[in-house]
file target_35.cif (mmCIF, C-alpha atoms)
data_structure
#
loop_
_atom_site.label_atom_id
_atom_site.label_comp_id
_atom_site.auth_asym_id
_atom_site.auth_seq_id
_atom_site.Cartn_x
_atom_site.Cartn_y
_atom_site.Cartn_z
CA MET V 27 0.00 0.00 0.00
CA ALA V 28 1.32 3.43 -0.91
CA ARG V 29 2.19 5.64 2.02
CA LEU V 30 -0.01 8.64 2.67
CA PRO V 31 1.72 12.00 2.30
CA ARG V 32 2.46 13.65 5.63
CA VAL V 33 0.03 16.35 6.73
CA HIS V 34 1.31 19.60 8.24
CA LEU V 35 -0.87 22.51 9.34
CA ALA V 36 0.49 25.80 10.64
CA GLY V 37 0.03 26.11 14.39
CA VAL V 38 -1.25 22.54 14.90
CA PRO V 39 0.97 20.38 17.15
CA GLU V 40 2.63 17.29 15.68
CA HIS V 41 4.03 14.14 17.22
CA ILE V 42 7.25 13.27 15.34
CA ILE V 43 9.13 9.97 15.48
CA GLN V 44 12.43 9.28 13.75
CA ARG V 45 14.10 5.90 14.11
CA GLY V 46 17.49 4.54 13.25
CA ASN V 47 17.59 2.33 10.16
CA ASN V 48 16.85 -1.25 11.25
CA ARG V 49 16.64 0.13 14.81
CA GLN V 50 20.39 0.71 14.76
CA LEU V 51 22.18 2.89 17.30
CA CYS V 52 21.94 6.63 16.56
CA PHE V 53 23.45 7.97 19.80
CA ALA V 54 26.47 6.27 21.32
CA CYS V 55 27.41 8.77 24.03
CA ASP V 56 26.35 12.01 25.72
CA GLU V 57 28.29 14.04 23.15
CA ASP V 58 26.03 12.63 20.42
CA PHE V 59 22.88 13.57 22.31
CA ALA V 60 24.26 17.04 22.95
CA ALA V 61 25.15 17.52 19.28
CA TYR V 62 21.65 16.50 18.22
CA ALA V 63 20.06 18.86 20.75
CA HIS V 64 22.27 21.72 19.56
CA TRP V 65 21.31 21.34 15.91
CA LEU V 66 17.67 20.71 16.75
CA LYS V 67 17.54 24.07 18.50
CA GLU V 68 19.34 25.75 15.60
CA TYR V 69 17.00 24.41 12.93
CA ALA V 70 13.87 24.83 15.04
CA ASN V 71 14.73 28.52 15.35
CA LYS V 72 15.62 28.82 11.66
CA PHE V 73 12.33 27.32 10.46
CA GLN V 74 10.12 28.81 13.20
CA VAL V 75 9.25 25.54 14.91
CA HIS V 76 8.28 25.52 18.60
CA MET V 77 9.50 22.45 20.47
CA HIS V 78 7.17 21.49 23.35
CA ALA V 79 8.43 18.05 24.43
CA TRP V 80 11.04 15.53 23.36
CA VAL V 81 13.00 12.43 24.24
CA PHE V 82 16.22 11.22 22.61
CA MET V 83 16.58 7.46 22.95
CA THR V 84 19.59 5.46 21.80
CA ASN V 85 17.98 4.43 18.49
CA HIS V 86 15.12 6.89 17.96
CA VAL V 87 13.68 10.26 18.94
CA HIS V 88 10.21 11.57 19.77
CA LEU V 89 9.36 15.25 19.33
CA LEU V 90 6.21 17.25 20.01
CA CYS V 91 6.25 20.54 18.17
CA SER V 92 4.25 23.10 16.21
CA ALA V 93 5.30 25.39 13.39
CA SER V 94 4.41 28.87 12.22
CA ASN V 95 3.92 27.59 8.66
CA SER V 96 3.04 24.31 7.00
CA SER V 97 6.57 23.63 5.70
CA GLY V 98 8.57 24.40 8.86
CA ILE V 99 8.62 20.92 10.41
CA SER V 100 9.61 19.14 7.19
CA LEU V 101 12.39 21.64 6.53
CA MET V 102 13.64 21.32 10.11
CA MET V 103 13.70 17.52 10.01
CA GLN V 104 15.37 17.37 6.59
CA SER V 105 18.10 19.80 7.62
CA MET V 106 18.51 18.19 11.02
CA GLY V 107 18.74 14.70 9.54
CA ARG V 108 21.43 15.60 7.02
CA GLN V 109 23.49 17.54 9.56
CA TYR V 110 23.42 14.82 12.18
CA VAL V 111 24.18 12.01 9.72
CA ARG V 112 27.29 13.87 8.51
CA TYR V 113 28.40 14.30 12.11
CA PHE V 114 27.70 10.68 13.08
CA ASN V 115 29.35 9.16 10.01
CA GLN V 116 32.46 11.26 10.43
CA ARG V 117 32.71 10.61 14.17
CA TYR V 118 32.35 6.84 13.84
CA GLN V 119 34.09 6.47 10.46
CA ARG V 120 31.08 4.97 8.75
CA SER V 121 29.08 5.73 5.62
CA GLY V 122 25.56 5.35 4.36
CA THR V 123 22.16 5.93 5.84
CA LEU V 124 21.44 6.32 9.52
CA TRP V 125 17.71 7.05 9.69
CA GLU V 126 14.84 4.75 8.78
CA GLY V 127 13.65 6.62 5.68
CA ARG V 128 10.99 9.24 6.31
CA PHE V 129 10.24 10.45 9.79
CA LYS V 130 6.73 9.65 11.02
CA SER V 131 4.33 12.35 12.14
CA CYS V 132 0.73 12.91 13.13
CA LEU V 133 -1.29 16.00 14.00
CA VAL V 134 -2.48 16.25 17.60
CA GLN V 135 -5.67 17.82 18.88
CA GLU V 136 -4.99 20.18 21.76
CA GLU V 137 -8.06 19.28 23.82
CA ARG V 138 -7.43 16.17 25.94
CA TYR V 139 -4.77 14.74 23.66
CA LEU V 140 -1.85 17.15 23.68
CA LEU V 141 -0.75 16.78 27.30
CA ALA V 142 -1.18 13.01 26.98
CA VAL V 143 1.38 13.07 24.17
CA TYR V 144 3.72 15.13 26.37
CA ARG V 145 3.50 12.35 28.95
CA TYR V 146 3.79 9.55 26.40
CA ILE V 147 7.02 11.03 25.06
CA GLU V 148 8.65 11.72 28.42
CA MET V 149 7.70 8.28 29.79
CA ASN V 150 9.51 6.51 26.95
CA PRO V 151 12.67 5.73 28.96
CA VAL V 152 10.54 4.32 31.79
CA ARG V 153 8.57 2.06 29.45
CA ALA V 154 11.89 0.92 27.96
CA GLY V 155 13.12 -0.10 31.42
CA MET V 156 16.04 2.32 31.32
CA VAL V 157 15.05 4.32 34.41
CA ALA V 158 12.48 4.10 37.21
CA SER V 159 11.29 7.68 36.84
CA PRO V 160 11.27 10.14 33.92
CA ALA V 161 13.20 12.52 36.18
CA ASP V 162 16.13 10.10 36.06
CA TYR V 163 16.61 10.40 32.30
CA SER V 164 18.77 13.28 31.11
CA TRP V 165 17.79 13.54 27.45
CA SER V 166 14.11 14.43 27.63
CA SER V 167 12.04 17.53 28.32
CA TYR V 168 10.67 16.19 31.62
CA ALA V 169 13.08 18.20 33.76
CA ILE V 170 11.94 21.38 31.99
CA ASN V 171 8.19 20.75 31.98
CA ALA V 172 7.90 19.06 35.38
CA LEU V 173 10.79 20.39 37.44
CA GLY V 174 11.48 23.88 36.12
CA LYS V 175 14.88 23.39 34.49
CA THR V 176 15.52 26.13 31.93
CA SER V 177 16.04 25.29 28.27
CA ALA V 178 16.48 27.42 25.16
CA LEU V 179 15.02 24.57 23.12
CA CYS V 180 11.66 24.34 24.91
CA LYS V 181 8.75 26.60 23.92
CA PRO V 182 5.78 25.85 26.21
CA HIS V 183 2.49 25.28 24.45
CA SER V 184 -0.52 27.35 25.52
CA CYS V 185 -2.21 24.20 26.87
CA TYR V 186 0.75 23.64 29.17
CA LEU V 187 0.77 27.28 30.26
CA ALA V 188 -2.94 27.09 31.05
CA LEU V 189 -2.35 24.43 33.73
CA ALA V 190 -1.79 27.11 36.39
CA LYS V 191 -1.00 30.78 36.92
CA ASN V 192 2.63 30.40 38.00
CA ASP V 193 5.55 28.11 37.24
CA ALA V 194 5.57 26.16 40.52
CA GLU V 195 1.85 25.35 40.40
CA ARG V 196 2.07 24.57 36.70
CA GLN V 197 4.89 22.08 37.24
CA GLN V 198 3.01 20.46 40.12
CA ALA V 199 -0.11 20.09 37.97
CA TYR V 200 1.97 18.68 35.14
CA ARG V 201 3.56 16.07 37.41
CA GLY V 202 0.06 14.96 38.31
CA PHE V 203 -0.46 13.72 34.75
CA PHE V 204 2.19 11.07 35.35
CA ASN V 205 0.22 9.29 38.06
CA GLN V 206 -2.04 7.48 35.63
CA MET V 207 -2.71 6.99 31.94
CA ASP V 208 -5.86 6.06 30.04
CA GLU V 209 -4.95 2.79 28.27
CA ALA V 210 -7.30 3.49 25.37
CA LEU V 211 -5.69 6.88 24.86
CA LEU V 212 -2.24 5.29 25.01
CA ALA V 213 -3.29 2.86 22.28
CA ASP V 214 -4.56 5.77 20.17
CA ILE V 215 -1.23 7.57 20.50
CA ARG V 216 0.65 4.47 19.40
CA SER V 217 -1.61 3.71 16.45
CA THR V 218 -1.63 7.25 15.07
CA ALA V 219 2.13 7.50 15.47
CA LYS V 220 2.43 4.46 13.19
CA SER V 221 -0.27 5.44 10.69
CA GLY V 222 0.41 9.18 10.44
CA MET V 223 -3.27 9.95 10.86
CA ALA V 224 -4.57 12.66 13.16
CA LEU V 225 -4.82 12.05 16.91
CA GLY V 226 -8.05 13.51 18.22
CA ASN V 227 -11.81 13.17 18.31
CA GLU V 228 -13.99 12.66 15.25
CA ARG V 229 -14.63 16.38 14.82
CA PHE V 230 -10.89 17.11 14.74
CA LYS V 231 -10.21 14.30 12.27
CA GLN V 232 -12.96 15.56 9.99
CA GLU V 233 -11.59 19.11 10.16
CA VAL V 234 -8.14 17.85 9.19
CA ALA V 235 -9.61 15.81 6.34
CA ASP V 236 -11.59 18.80 5.07
CA LEU V 237 -8.58 21.12 5.22
CA THR V 238 -6.15 18.73 3.58
CA GLY V 239 -8.30 16.53 1.39
CA ARG V 240 -6.68 13.47 2.95
CA ARG V 241 -8.50 10.75 4.83
CA GLN V 242 -7.87 10.43 8.56
CA HIS V 243 -9.20 6.90 9.06
CA PRO V 244 -7.74 3.62 7.80
CA GLU V 245 -9.29 2.29 4.61
CA LYS V 246 -11.69 -0.54 5.20
CA ARG V 247 -10.48 -3.81 3.77
CA GLY V 248 -12.61 -5.47 1.14
CA THR V 249 -14.53 -8.52 2.14
CA GLY V 250 -13.63 -10.36 -1.09
#

call {"tool": "encode", "arguments": {"input": "target_35.cif", "output": "structure tokens"}}
result
Amino acid sequence: MARLPRVHLAGVPEHIIQRGNNRQLCFACDEDFAAYAHWLKEYANKFQVHMHAWVFMTNHVHLLCSASNSSGISLMMQSMGRQYVRYFNQRYQRSGTLWEGRFKSCLVQEERYLLAVYRYIEMNPVRAGMVASPADYSWSSYAINALGKTSALCKPHSCYLALAKNDAERQQAYRGFFNQMDEALLADIRSTAKSGMALGNERFKQEVADLTGRRQHPEKRGTG
């Protein structure tokens, strides 16, 4: 089946996933993570992309971001991918591809869904068994969103800012999201991340379909 073109809408948050080719290692040490973070900030600024949450794992990354225009995220990821591959190949004296083809992305509805994606991303190291708490993992946005660490990369989304009137109360409210997770919502996040279709309620999916002319539900299989 042909892959659907990615859908980007200015101002609408997107969940981005980029994996190493054949799940191969993409980050071998802290210097690699730091290099990726540096260029991500550079290209996010260049293409007017706001980064809300992220996690850098050893063989893939998750990003939650929104852009000022419909081309910003694609331009950022293309530039970022080329820059990091040059760095990685030179550092480890290798050649060829590093990433698994196209990055995956899906639009995210702000109501109900956006903060759940924040949590899904920042809990990745815990689900992988790497740490007991998201606070124990250095290469995610949890310390910024939940604990108040400053970061030039992070641009808080309005839904995050609306959690409370000041930073301390906002961070406390945000930490509360990590106490539980709706399993059905978790399954939705996983399935849309794989399919590239919008994450949200039926109204949101229909709005995306109307704006883009692209379906936001899987095609029904024929019954033969």

call {"tool": "residues_around", "arguments": {"input": "target_35.cif", "residues": "segment 178-190 of chain V", "least_positions_apart": "5", "cutoff": "6 Å", "atoms": "only C-alpha atoms", "output": "PyMOL selection string"}}
result
chain V and resi 67+76-78+195-196

call {"tool": "residues_around", "arguments": {"input": "target_35.cif", "residues": "His86 of chain V", "least_positions_apart": "4", "cutoff": "12 Å", "atoms": "only C-alpha atoms", "output": "PyMOL selection string"}}
result
chain V and resi 42-54+59+62+80-82+124-126+129-130+147+150-151+165

call {"tool": "write_last_selection", "arguments": {"input": "target_35.cif", "atoms": "C-alpha atoms", "output": "tab-separated table (two decimals), in the frame of the given file"}}
result
chain	number	residue	atom	x	y	z
V	42	ILE	CA	7.25	13.27	15.34
V	43	ILE	CA	9.13	9.97	15.48
V	44	GLN	CA	12.43	9.28	13.75
V	45	ARG	CA	14.10	5.90	14.11
V	46	GLY	CA	17.49	4.54	13.25
V	47	ASN	CA	17.59	2.33	10.16
V	48	ASN	CA	16.85	-1.25	11.25
V	49	ARG	CA	16.64	0.13	14.81
V	50	GLN	CA	20.39	0.71	14.76
V	51	LEU	CA	22.18	2.89	17.30
V	52	CYS	CA	21.94	6.63	16.56
V	53	PHE	CA	23.45	7.97	19.80
V	54	ALA	CA	26.47	6.27	21.32
V	59	PHE	CA	22.88	13.57	22.31
V	62	TYR	CA	21.65	16.50	18.22
V	80	TRP	CA	11.04	15.53	23.36
V	81	VAL	CA	13.00	12.43	24.24
V	82	PHE	CA	16.22	11.22	22.61
V	124	LEU	CA	21.44	6.32	9.52
V	125	TRP	CA	17.71	7.05	9.69
V	126	GLU	CA	14.84	4.75	8.78
V	129	PHE	CA	10.24	10.45	9.79
V	130	LYS	CA	6.73	9.65	11.02
V	147	ILE	CA	7.02	11.03	25.06
V	150	ASN	CA	9.51	6.51	26.95
V	151	PRO	CA	12.67	5.73	28.96
V	165	TRP	CA	17.79	13.54	27.45

call {"tool": "closest_residue", "arguments": {"input": "target_35.cif", "among": "V:Asn115, V:Ser221, V:Asn227, V:Ser159", "to": "Val134 of chain V", "atoms": "all atoms listed in the file"}}
result
V:Asn227

call {"tool": "closest_atom_pairs", "arguments": {"input": "target_35.cif", "of": "segment 104-186 of chain V", "to": "segment 204-210 of chain V", "cutoff": "9 Å", "atoms": "all atoms listed in the file", "output": "tab-separated table"}}
result
residue	atom	partner	partner_atom	distance
V:Ala142	CA	V:Met207	CA	7.9
V:Arg145	CA	V:Phe204	CA	6.7
V:Tyr146	CA	V:Met207	CA	8.9
V:Met149	CA	V:Phe204	CA	8.3

call {"tool": "residues_around", "arguments": {"input": "target_35.cif", "residues": "Gly122 of chain V", "least_positions_apart": "6", "cutoff": "12 Å", "atoms": "all atoms listed in the file", "output": "number ranges by chain"}}
result
V: 47, 108, 111-112, 114-116

call {"tool": "write_last_selection", "arguments": {"input": "target_35.cif", "atoms": "C-alpha atoms", "output": "mmCIF file, keeping the file's coordinate frame"}}
result
data_model
loop_
_atom_site.group_PDB
_atom_site.id
_atom_site.type_symbol
_atom_site.label_atom_id
_atom_site.label_comp_id
_atom_site.auth_asym_id
_atom_site.auth_seq_id
_atom_site.Cartn_x
_atom_site.Cartn_y
_atom_site.Cartn_z
ATOM 1 C CA ASN V 47 17.590 2.330 10.160
ATOM 2 C CA ARG V 108 21.430 15.600 7.020
ATOM 3 C CA VAL V 111 24.180 12.010 9.720
ATOM 4 C CA ARG V 112 27.290 13.870 8.510
ATOM 5 C CA PHE V 114 27.700 10.680 13.080
ATOM 6 C CA ASN V 115 29.350 9.160 10.010
ATOM 7 C CA GLN V 116 32.460 11.260 10.430
#

call {"tool": "residues_around", "arguments": {"input": "target_35.cif", "residues": "segment 103-105 of chain V", "least_positions_apart": "6", "cutoff": "9 Å", "atoms": "all atoms listed in the file", "output": "list of chain:residue names"}}
result
V:Leu66, V:Tyr69, V:Ala70, V:Phe129

call {"tool": "write_last_selection", "arguments": {"input": "target_35.cif", "atoms": "C-alpha atoms", "output": "CSV table (one decimal), in the frame of the given file"}}
result
chain,number,residue,atom,x,y,z
V,66,LEU,CA,17.7,20.7,16.8
V,69,TYR,CA,17.0,24.4,12.9
V,70,ALA,CA,13.9,24.8,15.0
V,129,PHE,CA,10.2,10.4,9.8

call {"tool": "atom_distance", "arguments": {"input": "target_35.cif", "atom1": "atom CA of Met102 of chain V", "atom2": "atom CA of Tyr168 of chain V"}}
result
22.3 Å

call {"tool": "residues_around", "arguments": {"input": "target_35.cif", "residues": "Ser96 of chain V", "least_positions_apart": "6", "cutoff": "6 Å", "atoms": "only C-alpha atoms", "output": "ChimeraX atom specification"}}
result
/V:34-36

call {"tool": "closest_residue", "arguments": {"input": "target_35.cif", "among": "V:Ile170, V:Met106, V:Ser100, V:Ala93", "to": "Arg201 of chain V", "atoms": "only C-alpha atoms"}}
result
V:Ile170

call {"tool": "atom_distance", "arguments": {"input": "target_35.cif", "atom1": "atom CA of Val157 of chain V", "atom2": "atom CA of Ala63 of chain V"}}
result
20.6 Å

call {"tool": "resolve_selection", "arguments": {"input": "target_35.cif", "expression": "the PyMOL selection byres ((chain V and resi 220) around 9)", "output": "ChimeraX atom specification"}}
result
/V:43,130-132,215-219,221-223

call {"tool": "atom_distance", "arguments": {"input": "target_35.cif", "atom1": "atom CA of Arg138 of chain V", "atom2": "atom CA of Gly226 of chain V"}}
result
8.2 Å

call {"tool": "closest_residue", "arguments": {"input": "target_35.cif", "among": "V:Ala60, V:Arg241, V:Gln135, V:Ala79", "to": "Ala169 of chain V", "atoms": "all atoms listed in the file"}}
result
V:Ala79

call {"tool": "closest_residue", "arguments": {"input": "target_35.cif", "among": "V:Leu133, V:Cys91, V:Leu211, V:Arg117", "to": "Ala235 of chain V", "atoms": "all atoms listed in the file"}}
result
V:Leu133

call {"tool": "residues_near_point", "arguments": {"input": "target_35.cif", "point": "(11.4, 27.3, 11.4)", "cutoff": "8 Å", "atoms": "all atoms listed in the file", "output": "PyMOL selection string"}}
result
chain V and resi 69-75+93-95+98-99+101-102

call {"tool": "axis_aligned_box", "arguments": {"input": "target_35.cif", "around": "segment 162-170 of chain V", "padding_each_side": "3 Å", "output": "AutoDock Vina command-line options"}}
result
--center_x 14.7 --center_y 15.7 --center_z 31.8 --size_x 14.1 --size_y 17.3 --size_z 14.6

call {"tool": "decode", "arguments": {"input": "target_35.cif", "residues": "segment 92-212 of chain V", "atoms": "C-alpha atoms", "output": "compact mmCIF listing (two decimals), in the first residue's frame"}}
result
# COMPACT_ATOMS: atom_id res chain seq x y z
CA SER V 92 4.25 23.10 16.21
CA ALA V 93 5.30 25.39 13.39
CA SER V 94 4.41 28.87 12.22
CA ASN V 95 3.92 27.59 8.66
CA SER V 96 3.04 24.31 7.00
CA SER V 97 6.57 23.63 5.70
CA GLY V 98 8.57 24.40 8.86
CA ILE V 99 8.62 20.92 10.41
CA SER V 100 9.61 19.14 7.19
CA LEU V 101 12.39 21.64 6.53
CA MET V 102 13.64 21.32 10.11
CA MET V 103 13.70 17.52 10.01
CA GLN V 104 15.37 17.37 6.59
CA SER V 105 18.10 19.80 7.62
CA MET V 106 18.51 18.19 11.02
CA GLY V 107 18.74 14.70 9.54
CA ARG V 108 21.43 15.60 7.02
CA GLN V 109 23.49 17.54 9.56
CA TYR V 110 23.42 14.82 12.18
CA VAL V 111 24.18 12.01 9.72
CA ARG V 112 27.29 13.87 8.51
CA TYR V 113 28.40 14.30 12.11
CA PHE V 114 27.70 10.68 13.08
CA ASN V 115 29.35 9.16 10.01
CA GLN V 116 32.46 11.26 10.43
CA ARG V 117 32.71 10.61 14.17
CA TYR V 118 32.35 6.84 13.84
CA GLN V 119 34.09 6.47 10.46
CA ARG V 120 31.08 4.97 8.75
CA SER V 121 29.08 5.73 5.62
CA GLY V 122 25.56 5.35 4.36
CA THR V 123 22.16 5.93 5.84
CA LEU V 124 21.44 6.32 9.52
CA TRP V 125 17.71 7.05 9.69
CA GLU V 126 14.84 4.75 8.78
CA GLY V 127 13.65 6.62 5.68
CA ARG V 128 10.99 9.24 6.31
CA PHE V 129 10.24 10.45 9.79
CA LYS V 130 6.73 9.65 11.02
CA SER V 131 4.33 12.35 12.14
CA CYS V 132 0.73 12.91 13.13
CA LEU V 133 -1.29 16.00 14.00
CA VAL V 134 -2.48 16.25 17.60
CA GLN V 135 -5.67 17.82 18.88
CA GLU V 136 -4.99 20.18 21.76
CA GLU V 137 -8.06 19.28 23.82
CA ARG V 138 -7.43 16.17 25.94
CA TYR V 139 -4.77 14.74 23.66
CA LEU V 140 -1.85 17.15 23.68
CA LEU V 141 -0.75 16.78 27.30
CA ALA V 142 -1.18 13.01 26.98
CA VAL V 143 1.38 13.07 24.17
CA TYR V 144 3.72 15.13 26.37
CA ARG V 145 3.50 12.35 28.95
CA TYR V 146 3.79 9.55 26.40
CA ILE V 147 7.02 11.03 25.06
CA GLU V 148 8.65 11.72 28.42
CA MET V 149 7.70 8.28 29.79
CA ASN V 150 9.51 6.51 26.95
CA PRO V 151 12.67 5.73 28.96
CA VAL V 152 10.54 4.32 31.79
CA ARG V 153 8.57 2.06 29.45
CA ALA V 154 11.89 0.92 27.96
CA GLY V 155 13.12 -0.10 31.42
CA MET V 156 16.04 2.32 31.32
CA VAL V 157 15.05 4.32 34.41
CA ALA V 158 12.48 4.10 37.21
CA SER V 159 11.29 7.68 36.84
CA PRO V 160 11.27 10.14 33.92
CA ALA V 161 13.20 12.52 36.18
CA ASP V 162 16.13 10.10 36.06
CA TYR V 163 16.61 10.40 32.30
CA SER V 164 18.77 13.28 31.11
CA TRP V 165 17.79 13.54 27.45
CA SER V 166 14.11 14.43 27.63
CA SER V 167 12.04 17.53 28.32
CA TYR V 168 10.67 16.19 31.62
CA ALA V 169 13.08 18.20 33.76
CA ILE V 170 11.94 21.38 31.99
CA ASN V 171 8.19 20.75 31.98
CA ALA V 172 7.90 19.06 35.38
CA LEU V 173 10.79 20.39 37.44
CA GLY V 174 11.48 23.88 36.12
CA LYS V 175 14.88 23.39 34.49
CA THR V 176 15.52 26.13 31.93
CA SER V 177 16.04 25.29 28.27
CA ALA V 178 16.48 27.42 25.16
CA LEU V 179 15.02 24.57 23.12
CA CYS V 180 11.66 24.34 24.91
CA LYS V 181 8.75 26.60 23.92
CA PRO V 182 5.78 25.85 26.21
CA HIS V 183 2.49 25.28 24.45
CA SER V 184 -0.52 27.35 25.52
CA CYS V 185 -2.21 24.20 26.87
CA TYR V 186 0.75 23.64 29.17
CA LEU V 187 0.77 27.28 30.26
CA ALA V 188 -2.94 27.09 31.05
CA LEU V 189 -2.35 24.43 33.73
CA ALA V 190 -1.79 27.11 36.39
CA LYS V 191 -1.00 30.78 36.92
CA ASN V 192 2.63 30.40 38.00
CA ASP V 193 5.55 28.11 37.24
CA ALA V 194 5.57 26.16 40.52
CA GLU V 195 1.85 25.35 40.40
CA ARG V 196 2.07 24.57 36.70
CA GLN V 197 4.89 22.08 37.24
CA GLN V 198 3.01 20.46 40.12
CA ALA V 199 -0.11 20.09 37.97
CA TYR V 200 1.97 18.68 35.14
CA ARG V 201 3.56 16.07 37.41
CA GLY V 202 0.06 14.96 38.31
CA PHE V 203 -0.46 13.72 34.75
CA PHE V 204 2.19 11.07 35.35
CA ASN V 205 0.22 9.29 38.06
CA GLN V 206 -2.04 7.48 35.63
CA MET V 207 -2.71 6.99 31.94
CA ASP V 208 -5.86 6.06 30.04
CA GLU V 209 -4.95 2.79 28.27
CA ALA V 210 -7.30 3.49 25.37
CA LEU V 211 -5.69 6.88 24.86
CA LEU V 212 -2.24 5.29 25.01
